[in-house]
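This is upload37.tsv (TSV, C-alpha atoms).
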```
chain	number	residue	atom	x	y	z
A	1	MET	CA	175.71	-75.71	-79.59
A	2	ALA	CA	176.83	-76.69	-76.10
A	3	ASP	CA	179.71	-74.26	-76.43
A	4	ASN	CA	177.31	-71.49	-77.44
A	5	GLY	CA	175.16	-72.19	-74.37
A	6	ARG	CA	178.19	-72.20	-72.09
A	7	SER	CA	179.37	-68.90	-73.62
A	8	ARG	CA	176.00	-67.25	-73.10
A	9	SER	CA	175.96	-68.43	-69.46
A	10	GLU	CA	179.45	-67.04	-68.83
A	11	ASN	CA	178.51	-63.72	-70.39
A	12	LYS	CA	175.42	-63.57	-68.21
A	13	TRP	CA	177.42	-64.11	-65.01
A	14	ALA	CA	180.03	-61.61	-66.14
A	15	ASP	CA	177.28	-59.04	-66.63
A	16	VAL	CA	175.86	-59.80	-63.16
A	17	PHE	CA	179.29	-59.44	-61.54
A	18	ALA	CA	179.91	-56.19	-63.42
A	19	ARG	CA	176.61	-54.73	-62.22
A	20	LEU	CA	177.26	-55.93	-58.67
A	21	PHE	CA	180.73	-54.38	-58.73
A	22	LEU	CA	179.31	-51.10	-60.02
A	23	MET	CA	176.64	-51.12	-57.31
A	24	LEU	CA	179.19	-51.82	-54.56
A	25	THR	CA	181.44	-49.09	-55.92
A	26	MET	CA	178.58	-46.60	-55.88
A	27	ILE	CA	177.63	-47.60	-52.33
A	28	ALA	CA	181.26	-47.22	-51.26
A	29	LEU	CA	181.48	-43.80	-52.92
A	30	LEU	CA	178.19	-42.72	-51.34
A	31	ALA	CA	179.34	-43.93	-47.91
A	32	SER	CA	182.62	-42.11	-48.38
A	33	LEU	CA	180.76	-38.96	-49.38
A	34	VAL	CA	178.52	-39.18	-46.30
A	35	MET	CA	181.55	-39.69	-44.09
A	36	PHE	CA	183.28	-36.74	-45.73
A	37	VAL	CA	180.26	-34.48	-45.26
A	38	ASN	CA	179.97	-35.56	-41.62
A	39	TRP	CA	183.64	-34.80	-41.18
A	40	LEU	CA	183.21	-31.35	-42.72
A	41	ASN	CA	180.28	-30.63	-40.41
A	42	ARG	CA	182.12	-31.52	-37.23
A	43	PRO	CA	182.36	-28.35	-35.12
A	44	GLY	CA	186.09	-28.80	-34.60
A	45	ASN	CA	186.90	-28.85	-38.30
A	46	PHE	CA	187.37	-25.61	-40.24
A	47	SER	CA	186.47	-23.62	-37.11
A	48	PHE	CA	186.01	-19.86	-37.26
A	49	LYS	CA	188.93	-17.87	-35.95
A	50	LYS	CA	187.23	-14.48	-36.15
A	51	VAL	CA	183.73	-13.04	-35.92
A	52	GLU	CA	183.82	-9.52	-37.35
A	53	LEU	CA	181.13	-6.91	-36.72
A	54	VAL	CA	180.81	-4.83	-39.88
A	55	ASN	CA	179.15	-1.76	-38.37
A	56	TYR	CA	179.25	0.25	-35.12
A	57	LEU	CA	176.52	-0.43	-32.55
A	58	GLU	CA	175.26	2.60	-30.68
A	59	ASN	CA	173.07	0.99	-28.03
A	60	GLN	CA	173.49	-2.78	-28.08
A	61	GLU	CA	176.09	-3.75	-25.49
A	62	SER	CA	178.90	-5.76	-27.07
A	63	LYS	CA	179.19	-8.31	-24.24
A	64	GLU	CA	175.82	-9.85	-25.13
A	65	LEU	CA	176.82	-10.06	-28.77
A	66	GLN	CA	180.18	-11.57	-27.82
A	67	LYS	CA	178.47	-14.24	-25.77
A	68	ILE	CA	176.38	-15.38	-28.72
A	69	ALA	CA	179.31	-15.04	-31.12
A	70	ALA	CA	181.38	-17.33	-28.89
A	71	ASN	CA	179.00	-20.17	-29.78
A	72	ALA	CA	179.70	-19.52	-33.45
A	73	LEU	CA	183.44	-19.72	-32.82
A	74	ASN	CA	182.91	-23.17	-31.33
A	75	GLY	CA	181.34	-24.26	-34.58
A	76	GLY	CA	182.87	-24.71	-38.00
A	77	PHE	CA	182.62	-23.13	-41.43
A	78	PHE	CA	180.37	-25.91	-42.70
A	79	SER	CA	178.63	-26.81	-39.45
A	80	LEU	CA	177.31	-23.34	-38.57
A	81	ASN	CA	173.67	-22.86	-39.52
A	82	VAL	CA	173.54	-19.20	-40.57
A	83	ASP	CA	169.73	-18.98	-40.29
A	84	GLU	CA	169.77	-20.33	-36.73
A	85	PHE	CA	172.60	-17.99	-35.76
A	86	ARG	CA	170.67	-15.01	-37.20
A	87	ALA	CA	167.49	-16.06	-35.39
A	88	GLU	CA	169.38	-16.33	-32.11
A	89	LEU	CA	170.71	-12.80	-32.49
A	90	LEU	CA	167.23	-11.45	-33.21
A	91	ALA	CA	165.69	-13.34	-30.28
A	92	LYS	CA	168.29	-12.53	-27.63
A	93	LEU	CA	169.28	-8.96	-28.53
A	94	PRO	CA	166.26	-6.62	-28.19
A	95	TRP	CA	168.07	-3.72	-29.84
A	96	VAL	CA	168.57	-5.71	-33.05
A	97	LYS	CA	166.19	-4.85	-35.88
A	98	SER	CA	167.79	-6.97	-38.62
A	99	VAL	CA	170.92	-9.11	-39.09
A	100	SER	CA	173.03	-10.11	-42.06
A	101	VAL	CA	175.49	-13.00	-41.58
A	102	ARG	CA	178.09	-14.03	-44.16
A	103	LYS	CA	180.81	-16.69	-44.13
A	104	ILE	CA	184.18	-15.77	-45.58
A	105	TRP	CA	186.44	-18.68	-46.48
A	106	PRO	CA	188.26	-20.13	-44.69
A	107	ASP	CA	187.69	-18.93	-41.11
A	108	LYS	CA	185.86	-15.59	-40.90
A	109	LEU	CA	182.24	-14.73	-40.06
A	110	LEU	CA	180.94	-11.26	-40.97
A	111	VAL	CA	177.97	-9.95	-38.98
A	112	GLU	CA	176.10	-6.77	-39.89
A	113	ILE	CA	173.45	-5.56	-37.45
A	114	ALA	CA	170.85	-2.83	-37.86
A	115	GLU	CA	169.59	-1.45	-34.54
A	116	HIS	CA	166.16	-0.13	-33.69
A	117	LYS	CA	166.23	3.66	-33.55
A	118	PRO	CA	164.12	4.79	-30.58
A	119	VAL	CA	162.32	8.12	-30.88
A	120	VAL	CA	160.14	8.04	-27.75
A	121	ARG	CA	159.38	5.93	-24.70
A	122	TRP	CA	156.16	3.94	-24.73
A	123	LEU	CA	153.59	2.83	-22.16
A	124	SER	CA	150.75	0.47	-23.12
A	125	VAL	CA	147.55	1.37	-21.30
A	126	ASP	CA	145.90	-2.00	-21.96
A	127	PHE	CA	146.88	-3.41	-18.57
A	128	LEU	CA	146.73	-0.29	-16.40
A	129	PRO	CA	144.48	-0.74	-13.34
A	130	SER	CA	142.43	2.36	-14.14
A	131	ALA	CA	139.03	1.58	-15.59
A	132	GLU	CA	139.74	3.98	-18.42
A	133	GLY	CA	143.30	2.78	-18.79
A	134	SER	CA	144.54	6.35	-18.58
A	135	ILE	CA	147.49	8.07	-16.97
A	136	SER	CA	146.01	9.71	-13.87
A	137	VAL	CA	146.42	13.33	-12.90
A	138	LYS	CA	147.70	14.05	-9.40
A	139	GLY	CA	145.80	17.11	-8.24
A	140	SER	CA	145.98	18.71	-11.64
A	141	SER	CA	149.64	19.54	-11.86
A	142	SER	CA	151.68	16.42	-12.55
A	143	LEU	CA	151.22	13.06	-14.19
A	144	GLN	CA	151.81	9.84	-12.31
A	145	TYR	CA	153.03	7.00	-14.48
A	146	VAL	CA	154.94	3.77	-14.30
A	147	ASP	CA	158.63	4.04	-15.21
A	148	ALA	CA	158.37	3.14	-18.87
A	149	TYR	CA	161.40	1.56	-20.43
A	150	GLN	CA	159.62	0.22	-23.43
A	151	LEU	CA	160.85	2.15	-26.42
A	152	LEU	CA	159.14	2.96	-29.68
A	153	SER	CA	161.01	3.09	-32.98
A	154	ARG	CA	160.27	5.53	-35.76
A	155	ASN	CA	158.44	2.68	-37.50
A	156	GLY	CA	156.06	2.25	-34.57
A	157	ILE	CA	157.72	-0.95	-33.32
A	158	ILE	CA	157.74	-1.52	-29.55
A	159	PHE	CA	160.88	-3.08	-28.09
A	160	GLU	CA	162.00	-3.52	-24.50
A	161	PRO	CA	165.77	-3.75	-24.03
A	162	GLU	CA	167.51	-4.06	-20.69
A	163	LEU	CA	168.99	-0.62	-20.20
A	164	SER	CA	172.16	0.35	-18.39
A	165	SER	CA	172.05	3.19	-15.84
A	166	ALA	CA	173.50	5.57	-18.41
A	167	GLN	CA	170.90	4.53	-20.97
A	168	LYS	CA	168.07	5.04	-18.48
A	169	ILE	CA	169.26	8.59	-17.88
A	170	LYS	CA	169.55	9.15	-21.62
A	171	PHE	CA	166.15	7.78	-22.59
A	172	ASN	CA	164.30	9.32	-19.64
A	173	LYS	CA	164.74	12.60	-21.49
A	174	MET	CA	162.57	11.30	-24.30
A	175	ALA	CA	158.87	12.06	-24.46
A	176	LEU	CA	156.54	9.36	-23.15
A	177	LEU	CA	153.77	8.25	-25.48
A	178	TYR	CA	150.95	5.99	-24.32
A	179	GLY	CA	147.93	4.23	-25.68
A	180	PRO	CA	146.52	0.80	-26.59
A	181	LYS	CA	149.23	-1.42	-28.02
A	182	MET	CA	147.35	-1.89	-31.28
A	183	ASN	CA	147.40	1.89	-31.86
A	184	THR	CA	151.13	2.58	-31.55
A	185	GLU	CA	151.54	3.89	-35.11
A	186	LYS	CA	148.47	6.12	-34.82
A	187	VAL	CA	149.62	7.59	-31.50
A	188	LEU	CA	153.16	8.14	-32.79
A	189	LYS	CA	151.97	9.92	-35.94
A	190	LYS	CA	149.43	12.11	-34.14
A	191	CYS	CA	151.77	13.09	-31.30
A	192	PHE	CA	154.46	14.08	-33.79
A	193	GLU	CA	151.89	16.23	-35.57
A	194	ILE	CA	150.88	17.82	-32.27
A	195	ASN	CA	154.51	18.45	-31.34
A	196	GLU	CA	155.15	20.26	-34.62
A	197	SER	CA	152.13	22.53	-34.13
A	198	LEU	CA	153.29	23.50	-30.62
A	199	LYS	CA	156.72	24.74	-31.69
A	200	GLN	CA	155.36	28.23	-32.42
A	201	LEU	CA	154.56	28.53	-28.70
A	202	GLY	CA	157.98	27.28	-27.66
A	203	LEU	CA	156.35	24.20	-26.11
A	204	GLY	CA	157.20	20.55	-26.51
A	205	ILE	CA	155.55	17.28	-25.56
A	206	MET	CA	156.49	15.53	-22.34
A	207	HIS	CA	153.59	13.04	-22.40
A	208	CYS	CA	151.11	12.40	-25.20
A	209	GLY	CA	148.57	9.71	-25.94
A	210	MET	CA	145.12	8.31	-25.45
A	211	ASN	CA	143.47	6.07	-22.89
A	212	LYS	CA	141.42	2.90	-23.39
A	213	ARG	CA	138.42	5.00	-24.31
A	214	ARG	CA	140.45	6.76	-27.04
A	215	THR	CA	140.41	10.11	-25.22
A	216	TRP	CA	143.55	12.16	-25.84
A	217	SER	CA	145.59	14.12	-23.29
A	218	LEU	CA	148.97	15.85	-23.22
A	219	THR	CA	151.57	17.23	-20.87
A	220	LEU	CA	153.53	20.09	-22.40
A	221	THR	CA	156.83	21.41	-21.17
A	222	ALA	CA	159.02	24.49	-21.62
A	223	SER	CA	161.46	26.59	-19.59
A	224	ASP	CA	161.95	30.17	-18.34
A	225	PHE	CA	158.42	31.48	-18.72
A	226	THR	CA	157.57	34.65	-16.82
A	227	ALA	CA	153.98	35.87	-16.74
A	228	PRO	CA	153.19	39.48	-15.75
A	229	GLY	CA	151.95	39.56	-12.16
A	230	PHE	CA	152.80	35.85	-11.62
A	231	LYS	CA	155.72	34.04	-10.05
A	232	LYS	CA	158.47	33.10	-12.51
A	233	ARG	CA	158.73	29.43	-13.43
A	234	HIS	CA	162.14	28.25	-14.55
A	235	SER	CA	160.44	25.14	-15.87
A	236	MET	CA	156.81	24.42	-16.50
A	237	ASP	CA	154.43	21.59	-17.25
A	238	ILE	CA	150.96	22.17	-18.66
A	239	ASN	CA	148.40	19.39	-18.59
A	240	ILE	CA	146.05	19.48	-21.58
A	241	LYS	CA	142.80	17.52	-21.80
A	242	LEU	CA	141.55	16.79	-25.32
A	243	GLY	CA	138.58	14.81	-26.52
A	244	LYS	CA	138.19	11.93	-28.94
A	245	GLU	CA	137.45	13.88	-32.11
A	246	ASN	CA	138.78	17.04	-33.77
A	247	ILE	CA	141.71	17.24	-31.39
A	248	MET	CA	143.87	19.24	-33.80
A	249	GLN	CA	141.12	21.86	-34.13
A	250	GLN	CA	140.83	22.01	-30.34
A	251	LEU	CA	144.56	22.45	-30.00
A	252	ALA	CA	144.67	25.08	-32.77
A	253	ARG	CA	142.25	27.24	-30.73
A	254	PHE	CA	144.57	27.06	-27.72
A	255	ILE	CA	147.61	27.90	-29.86
A	256	GLN	CA	145.84	30.84	-31.48
A	257	VAL	CA	144.93	32.35	-28.12
A	258	PHE	CA	148.44	32.12	-26.72
A	259	SER	CA	150.46	32.82	-29.86
A	260	GLY	CA	150.25	36.61	-29.59
A	261	LYS	CA	150.42	39.06	-26.70
A	262	LEU	CA	149.13	36.48	-24.27
A	263	LYS	CA	152.06	34.11	-24.84
A	264	PRO	CA	153.89	35.20	-21.63
A	265	TYR	CA	150.91	34.00	-19.60
A	266	LEU	CA	151.60	30.42	-20.59
A	267	GLY	CA	153.94	30.35	-17.60
A	268	SER	CA	150.94	30.53	-15.28
A	269	VAL	CA	148.79	27.85	-16.92
A	270	GLU	CA	148.63	24.65	-14.90
A	271	TYR	CA	145.78	22.82	-16.63
A	272	ALA	CA	143.66	23.41	-19.72
A	273	ASP	CA	140.53	21.57	-20.77
A	274	LEU	CA	139.98	22.00	-24.51
A	275	ARG	CA	136.91	19.79	-24.82
A	276	TYR	CA	134.52	22.69	-25.42
A	277	SER	CA	132.93	23.56	-28.73
A	278	ASN	CA	133.56	27.32	-28.46
A	279	GLY	CA	136.44	27.80	-26.01
A	280	PHE	CA	138.40	26.15	-23.21
A	281	SER	CA	138.85	26.35	-19.45
A	282	ILE	CA	142.12	27.05	-17.63
A	283	LYS	CA	143.37	26.45	-14.10
A	284	TRP	CA	146.07	28.89	-13.01
A	285	ILE	CA	149.00	28.06	-10.77
A	286	THR	CA	148.47	30.78	-8.14
A	287	ASP	CA	145.79	33.25	-7.10
A	288	ASN	CA	146.49	36.80	-8.20
A	289	THR	CA	144.49	39.97	-8.56
A	290	SER	CA	145.38	40.17	-12.23
A	291	GLN	CA	144.03	36.72	-12.97
A	292	GLN	CA	140.42	37.80	-13.36
A	293	THR	CA	141.33	40.44	-15.92
A	294	LEU	CA	143.50	37.97	-17.78
A	295	GLN	CA	140.84	35.29	-17.70
A	296	ASN	CA	138.26	37.69	-19.12
A	297	SER	CA	140.67	38.59	-21.95
A	298	LEU	CA	141.29	34.92	-22.68
A	299	GLN	CA	137.56	34.13	-22.71
A	300	ASN	CA	136.83	36.95	-25.12
A	301	LYS	CA	139.69	35.93	-27.41
A	302	ALA	CA	138.78	32.22	-27.31
A	303	ASN	CA	135.15	32.92	-28.22
A	304	LYS	CA	136.01	34.94	-31.30
```
Turn this file's structure into structure tokens for me.
Amino acid sequence: MADNGRSRSENKWADVFARLFLMLTMIALLASLVMFVNWLNRPGNFSFKKVELVNYLENQESKELQKIAANALNGGFFSLNVDEFRAELLAKLPWVKSVSVRKIWPDKLLVEIAEHKPVVRWLSVDFLPSAEGSISVKGSSSLQYVDAYQLLSRNGIIFEPELSSAQKIKFNKMALLYGPKMNTEKVLKKCFEINESLKQLGLGIMHCGMNKRRTWSLTLTASDFTAPGFKKRHSMDINIKLGKENIMQQLARFIQVFSGKLKPYLGSVEYADLRYSNGFSIKWITDNTSQQTLQNSLQNKANK
């Protein structure tokens, strides 16, 4: 019986040592795994040798992208956090709309960038000093506005990149839209609708939008208009004042009047106020003996 007790005791200790050995082995393996993972995640190990841009960028300058990509090259295949890298591109490159980043074993990083596509310039009226938050009229012939280098995408997204001199020249040719920031999509949609309706007159939008009080106004532009009895204008701007409601109906009346035989006289219109229920008023560029006759014709046609 003593031998049986001694045997059970030895078996017990053997079992304890076996469990202890297994535990130590697991700890050693776990420690080795942690050390291996840490080694993999060291920036100097498995470093990227190439960052490849999948697509062509039209507006985003490559030097800014290269600067951010250089940080990725300093990292490693396992150490680079793709989500952080993508977020950095979105935060530091205003032209970037979306980014796709993919690691290619063993040393390549593929970056695909979608740029914002600007369709117009944008000016938010929320912080303009005017009480109405509107773009003021100088005399009644030209609009005075802050150089607006905010751009508006076709999706109604405002973005403000730092433009090169060449880009400033390029985008200054775009129409300027303005309004409260919260109404960008509404202004964009309505101004595009207005621009389409004006094509039959050979006019296009230079400025379009609404002020803080939601009152709409336009500046239209065209070239080489000659009105009978008036000085020829090789280029022309027409300031249009609209109201808050029924602006397309107001504009349709103006288009109807000038879409026929009176179209040549557009070259002598400086300012038009369309906020009347049964007509509109016009300010002409110069005094002329034929103006009274023309104005009478316009009044009769507008009232029909």
- Could you check how far atom CA of A:Glu115 sits from atom CA of A:Phe171, in Å to one decimal?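 Separation of atom CA of A:Glu115 and atom CA of A:Phe171: 15.5 Å.
Separating atom CA of A:Glu193 from atom CA of A:Leu151 is a distance of 19.0 Å.
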Residues within 10 Å of A:Leu163, all atoms listed in the file, excluding chain neighbours under 2 positions, as an mmCIF file with C-alpha atoms, keeping the file's coordinate frame:
```
data_model
loop_
_atom_site.group_PDB
_atom_site.id
_atom_site.type_symbol
_atom_site.label_atom_id
_atom_site.label_comp_id
_atom_site.auth_asym_id
_atom_site.auth_seq_id
_atom_site.Cartn_x
_atom_site.Cartn_y
_atom_site.Cartn_z
ATOM 1 C CA ASN A 59 173.070 0.990 -28.030
ATOM 2 C CA GLN A 60 173.490 -2.780 -28.080
ATOM 3 C CA GLU A 61 176.090 -3.750 -25.490
ATOM 4 C CA TYR A 149 161.400 1.560 -20.430
ATOM 5 C CA GLN A 150 159.620 0.220 -23.430
ATOM 6 C CA GLU A 160 162.000 -3.520 -24.500
ATOM 7 C CA PRO A 161 165.770 -3.750 -24.030
ATOM 8 C CA SER A 165 172.050 3.190 -15.840
ATOM 9 C CA ALA A 166 173.500 5.570 -18.410
ATOM 10 C CA GLN A 167 170.900 4.530 -20.970
ATOM 11 C CA LYS A 168 168.070 5.040 -18.480
ATOM 12 C CA ILE A 169 169.260 8.590 -17.880
ATOM 13 C CA LYS A 170 169.550 9.150 -21.620
ATOM 14 C CA PHE A 171 166.150 7.780 -22.590
#
```
- Message: Using all atoms listed in the file - which residues lie no farther than 9 Å from the point (144.9, 9.0, -29.8) in the file's frame? Write them as a PyMOL selection string.
- Response: chain A and resi 178-180+183+186-188+190-191+208-211+214-217+244+247
Exercise on stretch 270-286 of chain A, axis-aligned box with 5 Å per side, report centre and edge lengths in Å to one decimal, as AutoDock Vina command-line options:
```
--center_x 141.0 --center_y 25.3 --center_z -18.4 --size_x 26.1 --size_y 21.0 --size_z 30.6
```
Mind checking which residues fall within 6 Å of stretch 268-280 of chain A, counting only C-alpha atoms, ignoring those fewer than 2 positions away in the same chain, and posting them as an mmCIF file with C-alpha atoms, keeping the file's coordinate frame?
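See selection-v2.cif below for the written result:
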```
data_model
loop_
_atom_site.group_PDB
_atom_site.id
_atom_site.type_symbol
_atom_site.label_atom_id
_atom_site.label_comp_id
_atom_site.auth_asym_id
_atom_site.auth_seq_id
_atom_site.Cartn_x
_atom_site.Cartn_y
_atom_site.Cartn_z
ATOM 1 C CA ILE A 238 150.960 22.170 -18.660
ATOM 2 C CA ASN A 239 148.400 19.390 -18.590
ATOM 3 C CA ILE A 240 146.050 19.480 -21.580
ATOM 4 C CA LYS A 241 142.800 17.520 -21.800
ATOM 5 C CA LEU A 242 141.550 16.790 -25.320
ATOM 6 C CA GLY A 243 138.580 14.810 -26.520
ATOM 7 C CA GLN A 250 140.830 22.010 -30.340
ATOM 8 C CA TYR A 265 150.910 34.000 -19.600
ATOM 9 C CA LEU A 266 151.600 30.420 -20.590
ATOM 10 C CA ILE A 282 142.120 27.050 -17.630
ATOM 11 C CA LYS A 283 143.370 26.450 -14.100
ATOM 12 C CA TRP A 284 146.070 28.890 -13.010
ATOM 13 C CA ILE A 285 149.000 28.060 -10.770
ATOM 14 C CA ALA A 302 138.780 32.220 -27.310
ATOM 15 C CA ASN A 303 135.150 32.920 -28.220
#
```
- Atom-to-atom span, atom CA of A:Glu52 and atom CA of A:Ser153, Å: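 Straight-line distance from atom CA of A:Glu52 to atom CA of A:Ser153 works out to 26.4 Å.
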- Note on the structure: Nearest to A:Leu262, restricted to all atoms listed in the file and choosing among A:Ser164, A:Leu29, A:Leu201, A:Asp15, comes out as A:Leu201
- Task: Find the residues around A:Ala175 up to 6 Å (all atoms listed in the file counted), leave out those fewer than 5 positions away in its own chain, and share them as a list in words.
- Result: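 Listing them by chain and then by number gives Val120, Met206 and His207 of chain A.
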Could you write those residues out with C-alpha atoms, as a compact mmCIF listing (two decimals), in the frame of the given file?
```txt
# COMPACT_ATOMS: atom_id res chain seq x y z
CA VAL A 120 160.14 8.04 -27.75
CA MET A 206 156.49 15.53 -22.34
CA HIS A 207 153.59 13.04 -22.40
```
